[in-house]
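Please read the structure below before turning to the comments.
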Amino acid sequence: MTITLLQQDIAWADPVENQRRSEAAILAAPLSDLYVLPEMWSTGFNAIDEDTTSLRWMKDMAVRMNAAIAGSLSVKAEDGTKRNRFYFVMPPTEENPEGRVEHYDKRHLFSYGNEQLHYSAGEDQKIVKWRGVKFLLQVCYDLRFPVFSRNRIVRSKTPSDEGSSECLYDCILYVASWPASRIKPWHILTQARAVENQCYVAAVNRVGEDPKCKYCGGTEMIDAYGRVVASCTDDEIASITCELQMDALDSFRKKFPVLDDADSFQLYCK
């Protein structure tokens, strides 16, 4: 599984310009299985303008690249509420000839930045399986709440697979608009989430400025040992492409089965 993480400068409340920038960045890094954009990549964090075209753009790019496109958008949900919605858009396959769109609504709204005044919170975890890899979708402030993202061992209930088990997910995707003034916790917590959950963490943050904050990036891929295996240069528009070594991850989990001894927390997945 090859993933490209896109560290973008987001034009404030300008979906068309941000689609243009994102398309150029994706085309410059071909042949990935998954492309990940930052939080609210089409408008900027808490931009009031509602986007109506960016999901269609994601679907079109998924078909064009034969790859999944992921990132969060400001959307109006079916019930009329506004959501910070993390979309995971997949191209057509034999099983899904029309393609497939999954989403996660950000649960932990950033009250310090008044996000709760503009958006309604989601409730459930969302895990998406794509080309054999299971991804947990998370957005920015979710990073500070480890119980919500806790990995666990799932035992098979099928008689033919009795005794088999696997982890709930293999990689956490964090998309963010995480300010430069708090970038140290970003690095600490992304590494902690990888270590405690024995998984990869793909952490995608933006650069540039909006009306309230400056952003320095910090986009990086972290392995289950907490090692940064690839990262973007701070304060630059950039991308990194990484290969998830699933055989190595499975081997590490079997050799050092930490999650077998984990506490039992309430989980939020259906």
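So you can find residues: chains in the structure tokens are A, B, ... in the order shown, residues in each start at 1, and ligands are numbered from 1 in order.
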If you run DSSP on this backbone, which residues of segment 14-126 of chain A come out as helix (DSSP H, G or I), and could you give them as a ChimeraX atom specification?
/A:15-27,54-65,111-113,115-117
Tell me which protein, DNA and RNA residues are within 8 Å of Ala224 of chain A, counting only C-alpha atoms, leaving out same-chain ones fewer than 6 positions away, and put them as a ChimeraX atom specification.
/A:194-195,197-201,249
Would you write out those residues with all heavy atoms, as an mmCIF file, in the first residue's frame?
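Now in again25.cif:
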data_model
loop_
_atom_site.group_PDB
_atom_site.id
_atom_site.type_symbol
_atom_site.label_atom_id
_atom_site.label_comp_id
_atom_site.auth_asym_id
_atom_site.auth_seq_id
_atom_site.Cartn_x
_atom_site.Cartn_y
_atom_site.Cartn_z
ATOM 1 N N ALA A 194 0.715 6.071 17.579
ATOM 2 C CA ALA A 194 1.285 4.959 16.821
ATOM 3 C C ALA A 194 1.786 3.865 17.755
ATOM 4 O O ALA A 194 1.535 2.669 17.530
ATOM 5 C CB ALA A 194 2.414 5.464 15.927
ATOM 6 N N VAL A 195 2.495 4.249 18.809
ATOM 7 C CA VAL A 195 3.077 3.277 19.734
ATOM 8 C C VAL A 195 1.999 2.527 20.504
ATOM 9 O O VAL A 195 2.000 1.292 20.579
ATOM 10 C CB VAL A 195 4.040 3.977 20.712
ATOM 11 C CG1 VAL A 195 4.482 3.019 21.817
ATOM 12 C CG2 VAL A 195 5.253 4.517 19.965
ATOM 13 N N ASN A 197 -1.113 2.046 19.908
ATOM 14 C CA ASN A 197 -2.063 1.279 19.103
ATOM 15 C C ASN A 197 -1.400 0.304 18.138
ATOM 16 O O ASN A 197 -2.091 -0.353 17.356
ATOM 17 C CB ASN A 197 -2.966 2.238 18.326
ATOM 18 C CG ASN A 197 -3.879 3.028 19.248
ATOM 19 O OD1 ASN A 197 -4.661 2.452 19.999
ATOM 20 N ND2 ASN A 197 -3.764 4.340 19.202
ATOM 21 N N GLN A 198 -0.073 0.214 18.184
ATOM 22 C CA GLN A 198 0.688 -0.676 17.305
ATOM 23 C C GLN A 198 0.207 -0.554 15.856
ATOM 24 O O GLN A 198 -0.217 -1.526 15.216
ATOM 25 C CB GLN A 198 0.593 -2.123 17.777
ATOM 26 C CG GLN A 198 1.443 -2.407 19.006
ATOM 27 C CD GLN A 198 1.640 -3.887 19.251
ATOM 28 O OE1 GLN A 198 0.681 -4.638 19.340
ATOM 29 N NE2 GLN A 198 2.882 -4.312 19.373
ATOM 30 N N CYS A 199 0.303 0.675 15.349
ATOM 31 C CA CYS A 199 -0.186 0.932 14.000
ATOM 32 C C CYS A 199 0.649 2.029 13.345
ATOM 33 O O CYS A 199 1.460 2.698 13.998
ATOM 34 C CB CYS A 199 -1.654 1.391 14.041
ATOM 35 S SG CYS A 199 -1.881 3.027 14.786
ATOM 36 N N TYR A 200 0.448 2.209 12.059
ATOM 37 C CA TYR A 200 0.979 3.390 11.384
ATOM 38 C C TYR A 200 0.105 4.599 11.718
ATOM 39 O O TYR A 200 -1.113 4.455 11.948
ATOM 40 C CB TYR A 200 0.965 3.189 9.868
ATOM 41 C CG TYR A 200 2.074 2.321 9.337
ATOM 42 C CD1 TYR A 200 1.844 0.979 9.028
ATOM 43 C CD2 TYR A 200 3.341 2.840 9.107
ATOM 44 C CE1 TYR A 200 2.846 0.179 8.515
ATOM 45 C CE2 TYR A 200 4.355 2.041 8.596
ATOM 46 C CZ TYR A 200 4.107 0.722 8.305
ATOM 47 O OH TYR A 200 5.112 -0.067 7.792
ATOM 48 N N VAL A 201 0.709 5.769 11.713
ATOM 49 C CA VAL A 201 -0.034 7.020 11.790
ATOM 50 C C VAL A 201 0.400 7.892 10.618
ATOM 51 O O VAL A 201 1.588 8.177 10.452
ATOM 52 C CB VAL A 201 0.208 7.760 13.121
ATOM 53 C CG1 VAL A 201 -0.285 9.209 13.036
ATOM 54 C CG2 VAL A 201 -0.492 7.034 14.263
ATOM 55 N N LEU A 249 4.538 -5.035 9.914
ATOM 56 C CA LEU A 249 3.619 -4.656 10.992
ATOM 57 C C LEU A 249 2.985 -5.885 11.622
ATOM 58 O O LEU A 249 2.923 -6.011 12.855
ATOM 59 C CB LEU A 249 2.537 -3.721 10.440
ATOM 60 C CG LEU A 249 1.455 -3.282 11.435
ATOM 61 C CD1 LEU A 249 2.062 -2.488 12.586
ATOM 62 C CD2 LEU A 249 0.382 -2.444 10.729
#
Looking at A:Ala47, A:Ala238, A:Ala28, A:Val207, which one is nearest to Asn114 of chain A, with distances taken over only C-alpha atoms?
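Residue with the minimum atom-to-atom distance to Asn114 of chain A: A:Ala47.
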For segment 117-132 of chain A, find every residue with an atom within 10 Å (counting only C-alpha atoms), except residues of its own chain fewer than 2 positions away, and show them as number ranges by chain.
A: 1, 33-34, 46-48, 67-68, 74-77, 81-86, 88, 90, 101-111, 113-115, 134-138, 148-149, 168-172, 246, 267-270
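Comparing A:Ile69, A:Ile240, A:Ala62, A:Val89 by their smallest distance to Leu6 of chain A, the closest is A:Ile240 (using only C-alpha atoms).
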For atom CA of Asn66 of chain A and atom CA of Ile10 of chain A, determine how far apart the two atoms are, in Å to one decimal place.
24.6 Å
Could you tell me, as number ranges by chain, which residues of segment 40-212 of chain A DSSP assigns to strand (DSSP E or B) when given the backbone?
A: 68-76, 82-90, 100-105, 127-130, 133-139, 153-155, 165-167, 171-176, 200-205, 207-209
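Going from atom CA of Cys213 of chain A to atom CA of Val229 of chain A covers 27.9 Å.
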Leaving out Ser32 of chain A and any residue of its chain fewer than 2 positions from it, which residues lie within 7 Å of it when counting only C-alpha atoms, given as a ChimeraX atom specification?
/A:2-4,30,34-35,67
Take the residues from that selection and put them in a file with N, CA and C atoms, as a PDB file, in the first residue's frame.
ATOM      1  N   THR A   2       0.703   2.088  -1.004  1.00  0.00           N
ATOM      2  CA  THR A   2       1.464   3.326  -1.123  1.00  0.00           C
ATOM      3  C   THR A   2       0.559   4.514  -0.836  1.00  0.00           C
ATOM      4  N   ILE A   3       1.003   5.404   0.050  1.00  0.00           N
ATOM      5  CA  ILE A   3       0.209   6.560   0.464  1.00  0.00           C
ATOM      6  C   ILE A   3       0.995   7.835   0.203  1.00  0.00           C
ATOM      7  N   THR A   4       0.322   8.840  -0.340  1.00  0.00           N
ATOM      8  CA  THR A   4       0.914  10.163  -0.499  1.00  0.00           C
ATOM      9  C   THR A   4       0.198  11.144   0.416  1.00  0.00           C
ATOM     10  N   PRO A  30       2.242  10.632  -8.890  1.00  0.00           N
ATOM     11  CA  PRO A  30       1.372   9.567  -9.400  1.00  0.00           C
ATOM     12  C   PRO A  30       1.676   8.207  -8.780  1.00  0.00           C
ATOM     13  N   LEU A  34      -3.450   5.870  -2.265  1.00  0.00           N
ATOM     14  CA  LEU A  34      -4.244   6.776  -1.443  1.00  0.00           C
ATOM     15  C   LEU A  34      -3.553   8.124  -1.364  1.00  0.00           C
ATOM     16  N   TYR A  35      -4.337   9.196  -1.545  1.00  0.00           N
ATOM     17  CA  TYR A  35      -3.844  10.571  -1.396  1.00  0.00           C
ATOM     18  C   TYR A  35      -4.623  11.219  -0.255  1.00  0.00           C
ATOM     19  N   ALA A  67      -7.264   5.656  -7.503  1.00  0.00           N
ATOM     20  CA  ALA A  67      -6.770   5.683  -6.126  1.00  0.00           C
ATOM     21  C   ALA A  67      -7.833   6.313  -5.239  1.00  0.00           C
TER      22      ALA A  67
END
Of the candidates A:Tyr215, A:Phe256, A:Trp12, A:Phe45, which shows the shortest atom-to-atom distance to Val139 of chain A, using only C-alpha atoms?
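Looking at the shortest contact to Val139 of chain A, the residue is A:Phe45.
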Cys140 of chain A surroundings by only C-alpha atoms, 10 Å radius, close-in-sequence under 6 positions cut, as a list in words
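Here the answer would be Pro38, Glu39, Lys106, His108, Leu109, Phe110, Leu173, Tyr174, Val175, Ala176, Ser177, Trp178, Trp186, Ala203, Val204 and Asn205 of chain A.
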Keeping all heavy atoms for every residue in the selection just given, could you write it to a file as a short mmCIF file (atom, residue, chain, number, x, y, z; two decimals), in the first residue's frame?
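Here's the written file result-v9.cif:
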data_model
loop_
_atom_site.label_atom_id
_atom_site.label_comp_id
_atom_site.auth_asym_id
_atom_site.auth_seq_id
_atom_site.Cartn_x
_atom_site.Cartn_y
_atom_site.Cartn_z
N PRO A 38 -5.32 17.85 3.84
CA PRO A 38 -5.53 18.32 5.22
C PRO A 38 -7.00 18.51 5.59
O PRO A 38 -7.91 18.37 4.76
CB PRO A 38 -4.79 19.67 5.25
CG PRO A 38 -3.90 19.67 4.07
CD PRO A 38 -4.59 18.82 3.03
N GLU A 39 -7.22 18.89 6.83
CA GLU A 39 -8.55 19.24 7.33
C GLU A 39 -9.11 20.45 6.58
O GLU A 39 -8.43 21.44 6.38
CB GLU A 39 -8.47 19.55 8.82
CG GLU A 39 -9.79 19.95 9.46
CD GLU A 39 -9.65 20.35 10.91
OE1 GLU A 39 -8.52 20.69 11.34
OE2 GLU A 39 -10.67 20.33 11.63
N LYS A 106 -16.28 14.67 12.43
CA LYS A 106 -15.39 14.97 13.55
C LYS A 106 -16.16 14.99 14.87
O LYS A 106 -17.14 15.71 15.03
CB LYS A 106 -14.73 16.33 13.31
CG LYS A 106 -13.69 16.73 14.35
CD LYS A 106 -13.07 18.06 13.96
CE LYS A 106 -12.01 18.52 14.95
NZ LYS A 106 -11.45 19.85 14.57
N HIS A 108 -14.70 15.41 18.17
CA HIS A 108 -14.21 16.39 19.15
C HIS A 108 -14.06 17.76 18.48
O HIS A 108 -13.08 18.02 17.80
CB HIS A 108 -12.89 15.92 19.75
CG HIS A 108 -13.00 14.60 20.45
ND1 HIS A 108 -12.64 13.42 19.84
CD2 HIS A 108 -13.45 14.29 21.69
CE1 HIS A 108 -12.87 12.41 20.69
NE2 HIS A 108 -13.36 12.92 21.80
N LEU A 109 -15.04 18.62 18.68
CA LEU A 109 -15.01 19.95 18.09
C LEU A 109 -14.15 20.87 18.95
O LEU A 109 -14.19 20.82 20.18
CB LEU A 109 -16.43 20.50 17.97
CG LEU A 109 -17.38 19.66 17.09
CD1 LEU A 109 -18.76 20.30 17.04
CD2 LEU A 109 -16.82 19.47 15.69
N PHE A 110 -13.38 21.72 18.29
CA PHE A 110 -12.37 22.54 18.95
C PHE A 110 -13.01 23.79 19.54
O PHE A 110 -13.08 24.85 18.91
CB PHE A 110 -11.28 22.90 17.94
CG PHE A 110 -10.07 23.55 18.53
CD1 PHE A 110 -9.43 23.01 19.63
CD2 PHE A 110 -9.56 24.72 17.98
CE1 PHE A 110 -8.31 23.61 20.18
CE2 PHE A 110 -8.44 25.32 18.51
CZ PHE A 110 -7.81 24.77 19.61
N LEU A 173 -5.44 7.80 10.08
CA LEU A 173 -5.28 9.00 9.27
C LEU A 173 -5.73 10.21 10.08
O LEU A 173 -6.91 10.30 10.45
CB LEU A 173 -6.11 8.91 7.99
CG LEU A 173 -5.83 7.77 7.02
CD1 LEU A 173 -6.75 7.90 5.80
CD2 LEU A 173 -4.38 7.73 6.59
N TYR A 174 -4.79 11.10 10.39
CA TYR A 174 -5.13 12.37 11.04
C TYR A 174 -4.99 13.48 10.01
O TYR A 174 -3.90 13.68 9.44
CB TYR A 174 -4.19 12.66 12.21
CG TYR A 174 -4.48 11.88 13.46
CD1 TYR A 174 -3.65 10.82 13.83
CD2 TYR A 174 -5.56 12.18 14.27
CE1 TYR A 174 -3.90 10.08 14.98
CE2 TYR A 174 -5.83 11.45 15.42
CZ TYR A 174 -4.99 10.40 15.77
OH TYR A 174 -5.25 9.68 16.91
N VAL A 175 -6.08 14.20 9.73
CA VAL A 175 -6.01 15.38 8.88
C VAL A 175 -6.26 16.59 9.78
O VAL A 175 -7.13 16.57 10.65
CB VAL A 175 -7.02 15.32 7.72
CG1 VAL A 175 -6.70 14.15 6.81
CG2 VAL A 175 -8.46 15.23 8.21
N ALA A 176 -5.49 17.68 9.56
CA ALA A 176 -5.50 18.74 10.56
C ALA A 176 -5.25 20.12 9.99
O ALA A 176 -4.69 20.29 8.91
CB ALA A 176 -4.45 18.44 11.63
N SER A 177 -5.72 21.10 10.78
CA SER A 177 -5.29 22.50 10.67
C SER A 177 -4.76 22.85 12.07
O SER A 177 -5.43 23.49 12.87
CB SER A 177 -6.46 23.41 10.28
OG SER A 177 -6.87 23.16 8.96
N TRP A 178 -3.56 22.36 12.36
CA TRP A 178 -2.97 22.42 13.70
C TRP A 178 -1.97 23.58 13.73
O TRP A 178 -0.97 23.56 13.03
CB TRP A 178 -2.26 21.10 14.00
CG TRP A 178 -1.88 20.88 15.42
CD1 TRP A 178 -0.85 21.47 16.10
CD2 TRP A 178 -2.50 19.98 16.35
NE1 TRP A 178 -0.78 21.00 17.39
CE2 TRP A 178 -1.80 20.08 17.58
CE3 TRP A 178 -3.58 19.09 16.27
CZ2 TRP A 178 -2.14 19.33 18.70
CZ3 TRP A 178 -3.92 18.35 17.38
CH2 TRP A 178 -3.21 18.47 18.58
N TRP A 186 1.63 18.16 18.76
CA TRP A 186 1.28 17.41 17.55
C TRP A 186 2.26 16.26 17.32
O TRP A 186 1.86 15.12 17.11
CB TRP A 186 1.26 18.37 16.36
CG TRP A 186 1.28 17.77 14.99
CD1 TRP A 186 2.37 17.58 14.18
CD2 TRP A 186 0.16 17.31 14.21
NE1 TRP A 186 2.01 17.05 12.98
CE2 TRP A 186 0.65 16.86 12.96
CE3 TRP A 186 -1.21 17.24 14.46
CZ2 TRP A 186 -0.17 16.34 11.97
CZ3 TRP A 186 -2.05 16.72 13.47
CH2 TRP A 186 -1.52 16.28 12.24
N ALA A 203 -0.09 11.52 9.47
CA ALA A 203 -0.52 12.79 10.04
C ALA A 203 -0.31 13.91 9.02
O ALA A 203 0.84 14.19 8.64
CB ALA A 203 0.27 13.08 11.32
N VAL A 204 -1.40 14.53 8.58
CA VAL A 204 -1.34 15.52 7.51
C VAL A 204 -1.81 16.88 8.03
O VAL A 204 -2.98 17.04 8.39
CB VAL A 204 -2.21 15.09 6.30
CG1 VAL A 204 -2.08 16.09 5.17
CG2 VAL A 204 -1.81 13.70 5.84
N ASN A 205 -0.90 17.84 8.06
CA ASN A 205 -1.22 19.18 8.53
C ASN A 205 -0.91 20.19 7.44
O ASN A 205 -0.07 19.96 6.57
CB ASN A 205 -0.40 19.51 9.79
CG ASN A 205 -0.90 20.75 10.50
OD1 ASN A 205 -2.09 21.05 10.49
ND2 ASN A 205 0.00 21.49 11.12
#
Counting only C-alpha atoms, the residue of A:Leu244, A:Ala11, A:Val147, A:Met61 that sits nearest Thr43 of chain A:
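Looking only at the distances to Thr43 of chain A, the closest residue turns out to be A:Ala11.
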